[in-house]
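Engineer: work.pdb is reproduced in full below (PDB, C-alpha atoms).
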```
ATOM      1  CA  MET D  16      75.447  -0.827 -54.255  1.00  0.00           C
ATOM      2  CA  LYS D  17      74.294  -1.443 -50.694  1.00  0.00           C
ATOM      3  CA  LYS D  18      70.903  -2.712 -51.893  1.00  0.00           C
ATOM      4  CA  VAL D  19      72.592  -5.068 -54.364  1.00  0.00           C
ATOM      5  CA  PHE D  20      74.827  -6.407 -51.604  1.00  0.00           C
ATOM      6  CA  LEU D  21      71.909  -7.005 -49.234  1.00  0.00           C
ATOM      7  CA  SER D  22      69.829  -8.646 -51.974  1.00  0.00           C
ATOM      8  CA  ALA D  23      72.689 -10.963 -52.885  1.00  0.00           C
ATOM      9  CA  PHE D  24      73.221 -11.883 -49.226  1.00  0.00           C
ATOM     10  CA  PHE D  25      69.571 -12.723 -48.564  1.00  0.00           C
ATOM     11  CA  LEU D  26      69.356 -14.671 -51.838  1.00  0.00           C
ATOM     12  CA  PHE D  27      72.419 -16.662 -50.814  1.00  0.00           C
ATOM     13  CA  LEU D  28      70.998 -17.340 -47.352  1.00  0.00           C
ATOM     14  CA  THR D  29      67.620 -18.355 -48.818  1.00  0.00           C
ATOM     15  CA  ASN D  30      69.304 -20.819 -51.186  1.00  0.00           C
ATOM     16  CA  ILE D  31      71.111 -22.424 -48.243  1.00  0.00           C
ATOM     17  CA  LEU D  32      67.926 -22.793 -46.227  1.00  0.00           C
ATOM     18  CA  MET D  33      65.925 -24.115 -49.185  1.00  0.00           C
ATOM     19  CA  ALA D  34      68.611 -26.698 -50.000  1.00  0.00           C
ATOM     20  CA  GLN D  35      68.511 -28.275 -46.539  1.00  0.00           C
ATOM     21  CA  GLY D  36      65.937 -30.933 -45.766  1.00  0.00           C
ATOM     22  CA  TYR D  37      64.859 -34.430 -46.737  1.00  0.00           C
ATOM     23  CA  TYR D  38      65.664 -35.916 -50.146  1.00  0.00           C
ATOM     24  CA  GLN D  39      64.682 -39.253 -51.666  1.00  0.00           C
ATOM     25  CA  VAL D  40      67.180 -41.696 -53.154  1.00  0.00           C
ATOM     26  CA  THR D  41      66.477 -42.337 -56.858  1.00  0.00           C
ATOM     27  CA  THR D  42      68.990 -45.128 -57.544  1.00  0.00           C
ATOM     28  CA  GLU D  43      69.138 -48.789 -56.462  1.00  0.00           C
ATOM     29  CA  THR D  44      72.181 -48.318 -54.212  1.00  0.00           C
ATOM     30  CA  LEU D  45      73.707 -44.994 -53.165  1.00  0.00           C
ATOM     31  CA  ASN D  46      77.152 -45.093 -51.580  1.00  0.00           C
ATOM     32  CA  VAL D  47      77.881 -42.694 -48.725  1.00  0.00           C
ATOM     33  CA  ARG D  48      81.525 -41.663 -48.817  1.00  0.00           C
ATOM     34  CA  SER D  49      83.825 -40.102 -46.243  1.00  0.00           C
ATOM     35  CA  SER D  50      84.531 -37.084 -48.479  1.00  0.00           C
ATOM     36  CA  ALA D  51      83.215 -35.508 -51.669  1.00  0.00           C
ATOM     37  CA  SER D  52      85.081 -37.827 -54.021  1.00  0.00           C
ATOM     38  CA  LYS D  53      84.244 -41.075 -55.806  1.00  0.00           C
ATOM     39  CA  ASP D  54      87.602 -42.425 -54.617  1.00  0.00           C
ATOM     40  CA  ALA D  55      86.826 -41.794 -50.919  1.00  0.00           C
ATOM     41  CA  ASP D  56      86.017 -44.646 -48.527  1.00  0.00           C
ATOM     42  CA  ILE D  57      82.426 -45.911 -48.370  1.00  0.00           C
ATOM     43  CA  VAL D  58      81.058 -45.398 -44.836  1.00  0.00           C
ATOM     44  CA  SER D  59      77.432 -46.414 -45.429  1.00  0.00           C
ATOM     45  CA  LYS D  60      74.789 -47.050 -48.098  1.00  0.00           C
ATOM     46  CA  PHE D  61      71.286 -45.851 -48.921  1.00  0.00           C
ATOM     47  CA  TYR D  62      68.789 -47.650 -51.123  1.00  0.00           C
ATOM     48  CA  LEU D  63      66.065 -46.750 -53.608  1.00  0.00           C
ATOM     49  CA  GLY D  64      63.262 -44.808 -51.946  1.00  0.00           C
ATOM     50  CA  ASP D  65      65.178 -44.053 -48.728  1.00  0.00           C
ATOM     51  CA  SER D  66      64.592 -40.615 -47.216  1.00  0.00           C
ATOM     52  CA  VAL D  67      67.894 -38.846 -46.560  1.00  0.00           C
ATOM     53  CA  TYR D  68      68.454 -35.646 -44.579  1.00  0.00           C
ATOM     54  CA  VAL D  69      70.760 -33.289 -46.492  1.00  0.00           C
ATOM     55  CA  ILE D  70      72.888 -30.868 -44.461  1.00  0.00           C
ATOM     56  CA  ASP D  71      74.649 -29.125 -47.346  1.00  0.00           C
ATOM     57  CA  TYR D  72      73.473 -29.521 -50.955  1.00  0.00           C
ATOM     58  CA  SER D  73      75.522 -28.767 -54.072  1.00  0.00           C
ATOM     59  CA  LYS D  74      75.287 -29.755 -57.739  1.00  0.00           C
ATOM     60  CA  SER D  75      77.905 -32.487 -57.545  1.00  0.00           C
ATOM     61  CA  TRP D  76      78.140 -33.728 -53.952  1.00  0.00           C
ATOM     62  CA  SER D  77      75.870 -33.286 -50.926  1.00  0.00           C
ATOM     63  CA  GLN D  78      76.670 -33.766 -47.262  1.00  0.00           C
ATOM     64  CA  VAL D  79      74.071 -36.025 -45.625  1.00  0.00           C
ATOM     65  CA  LYS D  80      73.260 -37.237 -42.142  1.00  0.00           C
ATOM     66  CA  VAL D  81      73.826 -40.988 -41.719  1.00  0.00           C
ATOM     67  CA  ASN D  82      72.926 -41.133 -38.003  1.00  0.00           C
ATOM     68  CA  ASP D  83      73.161 -38.929 -34.900  1.00  0.00           C
ATOM     69  CA  THR D  84      76.978 -38.998 -34.926  1.00  0.00           C
ATOM     70  CA  THR D  85      77.959 -39.657 -38.559  1.00  0.00           C
ATOM     71  CA  THR D  86      77.758 -37.636 -41.753  1.00  0.00           C
ATOM     72  CA  GLY D  87      78.957 -38.449 -45.244  1.00  0.00           C
ATOM     73  CA  PHE D  88      78.787 -37.392 -48.876  1.00  0.00           C
ATOM     74  CA  VAL D  89      76.651 -38.709 -51.739  1.00  0.00           C
ATOM     75  CA  ALA D  90      76.327 -37.870 -55.436  1.00  0.00           C
ATOM     76  CA  SER D  91      73.616 -35.192 -55.688  1.00  0.00           C
ATOM     77  CA  LYS D  92      72.300 -36.448 -59.026  1.00  0.00           C
ATOM     78  CA  TYR D  93      70.767 -39.446 -57.241  1.00  0.00           C
ATOM     79  CA  LEU D  94      68.719 -37.265 -54.858  1.00  0.00           C
ATOM     80  CA  SER D  95      65.265 -35.801 -55.345  1.00  0.00           C
ATOM     81  CA  LYS D  96      63.525 -33.382 -52.989  1.00  0.00           C
ATOM     82  CA  ASP D  97      61.240 -35.389 -50.687  1.00  0.00           C
ATOM     83  CA  PHE D  98      58.471 -32.948 -49.767  1.00  0.00           C
ATOM     84  CA  LYS D  99      56.426 -35.672 -48.023  1.00  0.00           C
ATOM     85  CA  SER D 100      59.141 -36.435 -45.485  1.00  0.00           C
ATOM     86  CA  SER D 101      59.881 -32.734 -45.036  1.00  0.00           C
ATOM     87  CA  THR D 102      56.246 -32.091 -44.161  1.00  0.00           C
ATOM     88  CA  LYS D 103      56.144 -35.002 -41.732  1.00  0.00           C
ATOM     89  CA  SER D 104      59.294 -33.840 -39.982  1.00  0.00           C
ATOM     90  CA  GLU D 105      57.675 -30.497 -39.204  1.00  0.00           C
ATOM     91  CA  THR D 106      54.910 -32.240 -37.233  1.00  0.00           C
ATOM     92  CA  LYS D 107      57.291 -34.205 -35.003  1.00  0.00           C
ATOM     93  CA  SER D 108      57.797 -33.142 -31.405  1.00  0.00           C
ATOM     94  CA  TYR D 109      60.766 -30.930 -30.600  1.00  0.00           C
ATOM     95  CA  SER D 110      62.620 -33.748 -28.835  1.00  0.00           C
ATOM     96  CA  SER D 111      62.435 -36.007 -31.902  1.00  0.00           C
ATOM     97  CA  ARG D 112      63.459 -33.476 -34.518  1.00  0.00           C
ATOM     98  CA  THR D 113      66.785 -33.704 -36.303  1.00  0.00           C
ATOM     99  CA  PRO D 114      69.235 -31.309 -34.593  1.00  0.00           C
ATOM    100  CA  ILE D 115      69.694 -28.082 -36.515  1.00  0.00           C
ATOM    101  CA  ASP D 116      73.074 -27.656 -38.139  1.00  0.00           C
ATOM    102  CA  PHE D 117      74.044 -24.016 -37.663  1.00  0.00           C
ATOM    103  CA  SER D 118      77.182 -24.201 -39.814  1.00  0.00           C
ATOM    104  CA  PRO D 119      75.431 -22.766 -42.925  1.00  0.00           C
ATOM    105  CA  PHE D 120      74.347 -19.739 -40.888  1.00  0.00           C
ATOM    106  CA  ILE D 121      77.896 -19.259 -39.622  1.00  0.00           C
ATOM    107  CA  TYR D 122      79.309 -19.528 -43.148  1.00  0.00           C
ATOM    108  CA  ALA D 123      76.696 -17.067 -44.439  1.00  0.00           C
ATOM    109  CA  ALA D 124      77.532 -14.578 -41.677  1.00  0.00           C
ATOM    110  CA  ILE D 125      81.267 -14.831 -42.391  1.00  0.00           C
ATOM    111  CA  ILE D 126      80.694 -14.315 -46.120  1.00  0.00           C
ATOM    112  CA  ALA D 127      78.406 -11.339 -45.424  1.00  0.00           C
ATOM    113  CA  ILE D 128      81.041  -9.719 -43.196  1.00  0.00           C
ATOM    114  CA  CYS D 129      83.750 -10.277 -45.823  1.00  0.00           C
ATOM    115  CA  LEU D 130      81.589  -8.809 -48.588  1.00  0.00           C
ATOM    116  CA  TYR D 131      80.793  -5.787 -46.428  1.00  0.00           C
ATOM    117  CA  ILE D 132      84.492  -5.205 -45.708  1.00  0.00           C
ATOM    118  CA  VAL D 133      85.309  -5.430 -49.436  1.00  0.00           C
ATOM    119  CA  TYR D 134      82.469  -3.011 -50.225  1.00  0.00           C
ATOM    120  CA  ARG D 135      83.712  -0.495 -47.638  1.00  0.00           C
ATOM    121  CA  ARG D 136      87.288  -0.719 -48.909  1.00  0.00           C
ATOM    122  CA  TYR D 137      86.139  -0.316 -52.515  1.00  0.00           C
ATOM    123  CA  LYS D 138      84.011   2.687 -51.605  1.00  0.00           C
ATOM    124  CA  SER D 139      87.050   4.432 -50.083  1.00  0.00           C
ATOM    125  CA  LYS D 140      89.334   3.653 -53.038  1.00  0.00           C
ATOM    126  CA  CYS D 141      91.472   6.531 -54.335  1.00  0.00           C
ATOM    127  CA  LYS D 142      90.879   7.180 -58.037  1.00  0.00           C
ATOM    128  CA  ASP D 143      94.330   8.740 -58.410  1.00  0.00           C
ATOM    129  CA  CYS D 144      96.717   6.179 -56.854  1.00  0.00           C
ATOM    130  CA  GLU D 145      94.073   3.400 -57.001  1.00  0.00           C
ATOM    131  CA  ARG D 146      94.742   2.243 -53.453  1.00  0.00           C
ATOM    132  CA  TRP D 147      91.877   0.796 -51.480  1.00  0.00           C
ATOM    133  CA  TYR D 148      90.752   2.068 -48.079  1.00  0.00           C
ATOM    134  CA  ALA D 149      92.601   5.308 -48.740  1.00  0.00           C
ATOM    135  CA  MET D 150      90.061   8.156 -48.696  1.00  0.00           C
ATOM    136  CA  LYS D 151      89.334   9.768 -45.327  1.00  0.00           C
ATOM    137  CA  ILE D 152      87.016  12.674 -44.503  1.00  0.00           C
ATOM    138  CA  THR D 153      89.246  15.627 -43.589  1.00  0.00           C
ATOM    139  CA  ASP D 154      86.770  18.520 -43.656  1.00  0.00           C
ATOM    140  CA  GLU D 155      83.046  19.219 -43.493  1.00  0.00           C
ATOM    141  CA  GLU D 156      82.068  22.802 -44.301  1.00  0.00           C
ATOM    142  CA  VAL D 157      78.531  24.123 -43.772  1.00  0.00           C
ATOM    143  CA  VAL D 158      77.483  25.899 -46.983  1.00  0.00           C
ATOM    144  CA  ASP D 159      73.758  26.314 -46.378  1.00  0.00           C
ATOM    145  CA  ARG D 160      71.215  25.938 -43.593  1.00  0.00           C
ATOM    146  CA  VAL D 161      67.463  26.346 -44.088  1.00  0.00           C
ATOM    147  CA  SER D 162      64.280  25.685 -42.158  1.00  0.00           C
ATOM    148  CA  ALA D 163      62.490  22.468 -43.007  1.00  0.00           C
ATOM    149  CA  SER D 164      60.006  20.014 -41.582  1.00  0.00           C
ATOM    150  CA  VAL D 165      59.989  16.289 -40.881  1.00  0.00           C
ATOM    151  CA  LYS D 166      56.880  14.155 -41.332  1.00  0.00           C
ATOM    152  CA  LYS D 167      56.157  11.772 -38.491  1.00  0.00           C
ATOM    153  CA  THR D 168      53.375   9.319 -37.818  1.00  0.00           C
ATOM    154  CA  THR D 169      51.848   9.312 -34.359  1.00  0.00           C
ATOM    155  CA  LYS D 170      49.632   6.579 -32.931  1.00  0.00           C
ATOM    156  CA  GLU D 171      46.678   6.967 -30.613  1.00  0.00           C
ATOM    157  CA  ARG D 172      45.967   4.017 -28.334  1.00  0.00           C
ATOM    158  CA  ASN D 173      43.009   3.038 -26.188  1.00  0.00           C
ATOM    159  CA  SER D 174      43.139   1.886 -22.566  1.00  0.00           C
ATOM    160  CA  LYS D 175      44.092  -1.619 -23.726  1.00  0.00           C
ATOM    161  CA  GLY D 176      47.093  -0.339 -25.655  1.00  0.00           C
ATOM    162  CA  GLU D 177      45.518  -1.019 -29.036  1.00  0.00           C
ATOM    163  CA  VAL D 178      46.141   1.435 -31.862  1.00  0.00           C
ATOM    164  CA  ILE D 179      42.863   3.143 -32.760  1.00  0.00           C
ATOM    165  CA  ARG D 180      44.122   5.960 -34.981  1.00  0.00           C
ATOM    166  CA  THR D 181      47.256   7.148 -36.749  1.00  0.00           C
ATOM    167  CA  ASN D 182      48.037  10.779 -37.572  1.00  0.00           C
ATOM    168  CA  GLU D 183      50.675  12.396 -39.724  1.00  0.00           C
ATOM    169  CA  VAL D 184      52.275  15.515 -38.270  1.00  0.00           C
ATOM    170  CA  TYR D 185      55.044  17.801 -39.457  1.00  0.00           C
ATOM    171  CA  ILE D 186      57.741  18.713 -36.950  1.00  0.00           C
ATOM    172  CA  PRO D 187      60.004  21.781 -37.416  1.00  0.00           C
ATOM    173  CA  ALA D 188      63.518  20.846 -38.462  1.00  0.00           C
ATOM    174  CA  THR D 189      66.692  22.280 -39.929  1.00  0.00           C
ATOM    175  CA  LYS D 190      68.201  21.134 -43.218  1.00  0.00           C
ATOM    176  CA  THR D 191      71.960  21.595 -43.434  1.00  0.00           C
ATOM    177  CA  LYS D 192      74.055  21.289 -46.578  1.00  0.00           C
ATOM    178  CA  TYR D 193      77.721  20.327 -46.205  1.00  0.00           C
ATOM    179  CA  LEU D 194      80.706  20.459 -48.552  1.00  0.00           C
ATOM    180  CA  VAL D 195      82.647  17.325 -47.647  1.00  0.00           C
ATOM    181  CA  THR D 196      86.327  16.912 -48.451  1.00  0.00           C
ATOM    182  CA  GLU D 197      87.972  13.499 -48.563  1.00  0.00           C
ATOM    183  CA  THR D 198      91.754  13.192 -48.814  1.00  0.00           C
ATOM    184  CA  CYS D 199      93.821  10.166 -49.772  1.00  0.00           C
ATOM    185  CA  LYS D 200      96.176   9.238 -46.946  1.00  0.00           C
ATOM    186  CA  HIS D 201      98.735   7.952 -49.463  1.00  0.00           C
ATOM    187  CA  CYS D 202      98.961  10.484 -52.312  1.00  0.00           C
ATOM    188  CA  GLY D 203      96.998  13.469 -50.977  1.00  0.00           C
ATOM    189  CA  HIS D 204      94.373  13.381 -53.750  1.00  0.00           C
ATOM    190  CA  GLU D 205      91.223  15.291 -52.755  1.00  0.00           C
ATOM    191  CA  LYS D 206      87.597  14.569 -53.557  1.00  0.00           C
ATOM    192  CA  LYS D 207      84.794  17.030 -52.795  1.00  0.00           C
ATOM    193  CA  TYR D 208      81.055  16.409 -52.755  1.00  0.00           C
ATOM    194  CA  TYR D 209      77.894  17.796 -51.190  1.00  0.00           C
ATOM    195  CA  THR D 210      75.705  16.056 -48.663  1.00  0.00           C
ATOM    196  CA  THR D 211      72.638  17.122 -46.686  1.00  0.00           C
ATOM    197  CA  GLU D 212      71.357  16.358 -43.215  1.00  0.00           C
ATOM    198  CA  THR D 213      67.943  17.087 -41.741  1.00  0.00           C
ATOM    199  CA  LYS D 214      67.497  17.214 -37.967  1.00  0.00           C
ATOM    200  CA  GLU D 215      64.523  17.988 -35.780  1.00  0.00           C
ATOM    201  CA  ASN D 216      64.744  21.280 -33.898  1.00  0.00           C
TER     202      ASN D 216
END
```
Translate this structure into structure tokens?
Structural biologist:
Amino acid sequence: MKKVFLSAFFLFLTNILMAQGYYQVTTETLNVRSSASKDADIVSKFYLGDSVYVIDYSKSWSQVKVNDTTTGFVASKYLSKDFKSSTKSETKSYSSRTPIDFSPFIYAAIIAICLYIVYRRYKSKCKDCERWYAMKITDEEVVDRVSASVKKTTKERNSKGEVIRTNEVYIPATKTKYLVTETCKHCGHEKKYYTTETKEN
């Protein structure tokens, strides 16, 4: 579940980053509106072949940069990814680059936090009363403890600090098996399961 969540988050973030950049206008006249609606006021216009910087791209409407202080919305169907302008923009000096809009990163972080909270609440859901964020660990009983070993990789460095050799060594450790009891704080339902922990001696 955790891997699925992380994969979905990084896929979402990648889509946001890939959507930003320069697009080319593919229609004779493209109206820039004050909001994502065909009934909104027209604040500017772009023309066929113009290179437009897109801040937030979606299937229907995209938020674009009109100038240093103004943004607007255009119909996405009249935009095509302009790889030539995107490549040129990367070679510009730092002072002449378009300022980075960090809002997508903020939105992605907020969504990630919300998804994590939902995942944690779902994971602690009581199967009896079906309340979320209900199960709490109330007891951990040691049922077995055996000798074990932990594999570690060590690095040998020369006088310059460069790694010249790596070795795998086994360090003595102890493997402990626990019987964990979780209890619902609402209905008292109990859930038991085993878990193990390995620590270096």
Engineer: Dig up all the protein and nucleic acid residues within 12 Å of (44.9, 10.7, -40.0) in the file frame, using all atoms listed in the file, and format them as a ChimeraX atom specification.
Structural biologist: /D:167-171,179-184
Engineer: Can you list, as a list in words, every protein, DNA or RNA residue that comes within 8 Å of Cys202 (chain D) when you count only C-alpha atoms, leaving out same-chain residues fewer than 2 positions away?
Structural biologist: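 Listing them by chain and then by number gives Asp143, Cys144, Cys199, Lys200 and His204 of chain D.
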Engineer: Could you name the residues that touch Val69 (chain D) at 9 Å or less, counting only C-alpha atoms, but leaving out those on the same chain fewer than 3 positions away, as a CSV table (one decimal) with C-alpha atoms, in the frame of the given file?
Structural biologist:
```
chain,number,residue,atom,x,y,z
D,34,ALA,CA,68.6,-26.7,-50.0
D,35,GLN,CA,68.5,-28.3,-46.5
D,36,GLY,CA,65.9,-30.9,-45.8
D,37,TYR,CA,64.9,-34.4,-46.7
D,38,TYR,CA,65.7,-35.9,-50.1
D,72,TYR,CA,73.5,-29.5,-51.0
D,77,SER,CA,75.9,-33.3,-50.9
D,78,GLN,CA,76.7,-33.8,-47.3
D,79,VAL,CA,74.1,-36.0,-45.6
D,80,LYS,CA,73.3,-37.2,-42.1
```
Engineer: Around all the atoms of region 152-156 of chain D listed in the file, with 3 Å of room on each side, what axis-aligned box do you get, giving centre and edge lengths in Å to one decimal, as lines of an AutoDock Vina configuration file?
Structural biologist:
```
center_x = 85.7
center_y = 17.7
center_z = -44.0
size_x = 13.2
size_y = 16.1
size_z = 7.0
```
Engineer: Using Å and a single decimal, report how far CA of Ala123 (chain D) sits from CA of Ile57 (chain D).
Structural biologist: 29.7 Å
Engineer: Can you tell me, as a list in words, what residues are no more than 12 Å from Lys166 (chain D) when counting only C-alpha atoms, ignoring any on the same chain fewer than 5 positions away?
Structural biologist: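 Final neighbour list, sorted by chain and number: Asn182, Glu183, Val184, Tyr185, Ile186, Pro187, Ala188, Thr213, Lys214 and Glu215 of chain D.
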Engineer: Could you check the closest approach to Val161 (chain D) for each of D:Lys192, D:Ile126, D:Lys138, D:Gly64 and tell me which residue wins, using only C-alpha atoms?
Structural biologist: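 Ranking D:Lys192, D:Ile126, D:Lys138, D:Gly64 by distance to Val161 (chain D), first place goes to D:Lys192.
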Engineer: Here is a test: counting all atoms listed in the file, which residue of D:Lys140, D:Lys92, D:Lys207, D:Arg172 is nearest to Asp154 (chain D)?
Structural biologist: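 Of all the options, D:Lys207 lies closest to Asp154 (chain D).
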Engineer: If we count only C-alpha atoms, what is near Glu155 (chain D) at a cut-off of 9 Å, once residues fewer than 5 positions away on the same chain are taken out, given as an mmCIF file with C-alpha atoms, in the frame of the given file?
Structural biologist:
```cif
data_model
loop_
_atom_site.group_PDB
_atom_site.id
_atom_site.type_symbol
_atom_site.label_atom_id
_atom_site.label_comp_id
_atom_site.auth_asym_id
_atom_site.auth_seq_id
_atom_site.Cartn_x
_atom_site.Cartn_y
_atom_site.Cartn_z
ATOM 1 C CA TYR D 193 77.721 20.327 -46.205
ATOM 2 C CA LEU D 194 80.706 20.459 -48.552
ATOM 3 C CA VAL D 195 82.647 17.325 -47.647
ATOM 4 C CA THR D 196 86.327 16.912 -48.451
#
```
Engineer: Please measure the separation of CA of Lys190 (chain D) and CA of Ser164 (chain D), giving the value in Å to one decimal.
Structural biologist: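 CA of Ser164 (chain D) lies at a distance of 8.4 Å from CA of Lys190 (chain D).
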Engineer: Between D:Lys53, D:Glu177, D:Phe88, D:Ser139, which has the minimum distance to Lys151 (chain D) (counting all atoms listed in the file)?
Structural biologist: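 Distance minimum relative to Lys151 (chain D) lands on D:Ser139.
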Engineer: Considering only C-alpha atoms, state which residue in the set D:Tyr137, D:Tyr208, D:Gly176, D:Ile121 is at the smallest distance from Ile152 (chain D).
Structural biologist: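 Selected residue with least distance to Ile152 (chain D): D:Tyr208.
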Engineer: Counting all atoms listed in the file, which of D:Gln39, D:Ser59, D:Thr44, D:Thr191 gets nearest to Thr86 (chain D)?
Structural biologist: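 Smallest distance to Thr86 (chain D) is found for D:Ser59.
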Engineer: Neighbouring residues of Thr42 (chain D) were defined as those with any atom within 7 Å, considering all atoms listed in the file; residues of the same chain fewer than 4 positions away were excluded. Please report them as number ranges by chain.
Structural biologist: D: 62-63, 93
Engineer: Quick one: of D:Val89, D:Thr41, D:Tyr68, D:Ile132, who's nearest to Asp56 (chain D), counting only C-alpha atoms?
Structural biologist: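 Looking at the shortest contact to Asp56 (chain D), the residue is D:Val89.
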Engineer: Quick check, in Å to one decimal: how far apart do CA of Val40 (chain D) and CA of Val67 (chain D) lie?
Structural biologist: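 Going from CA of Val40 (chain D) over to CA of Val67 (chain D), I get 7.2 Å.
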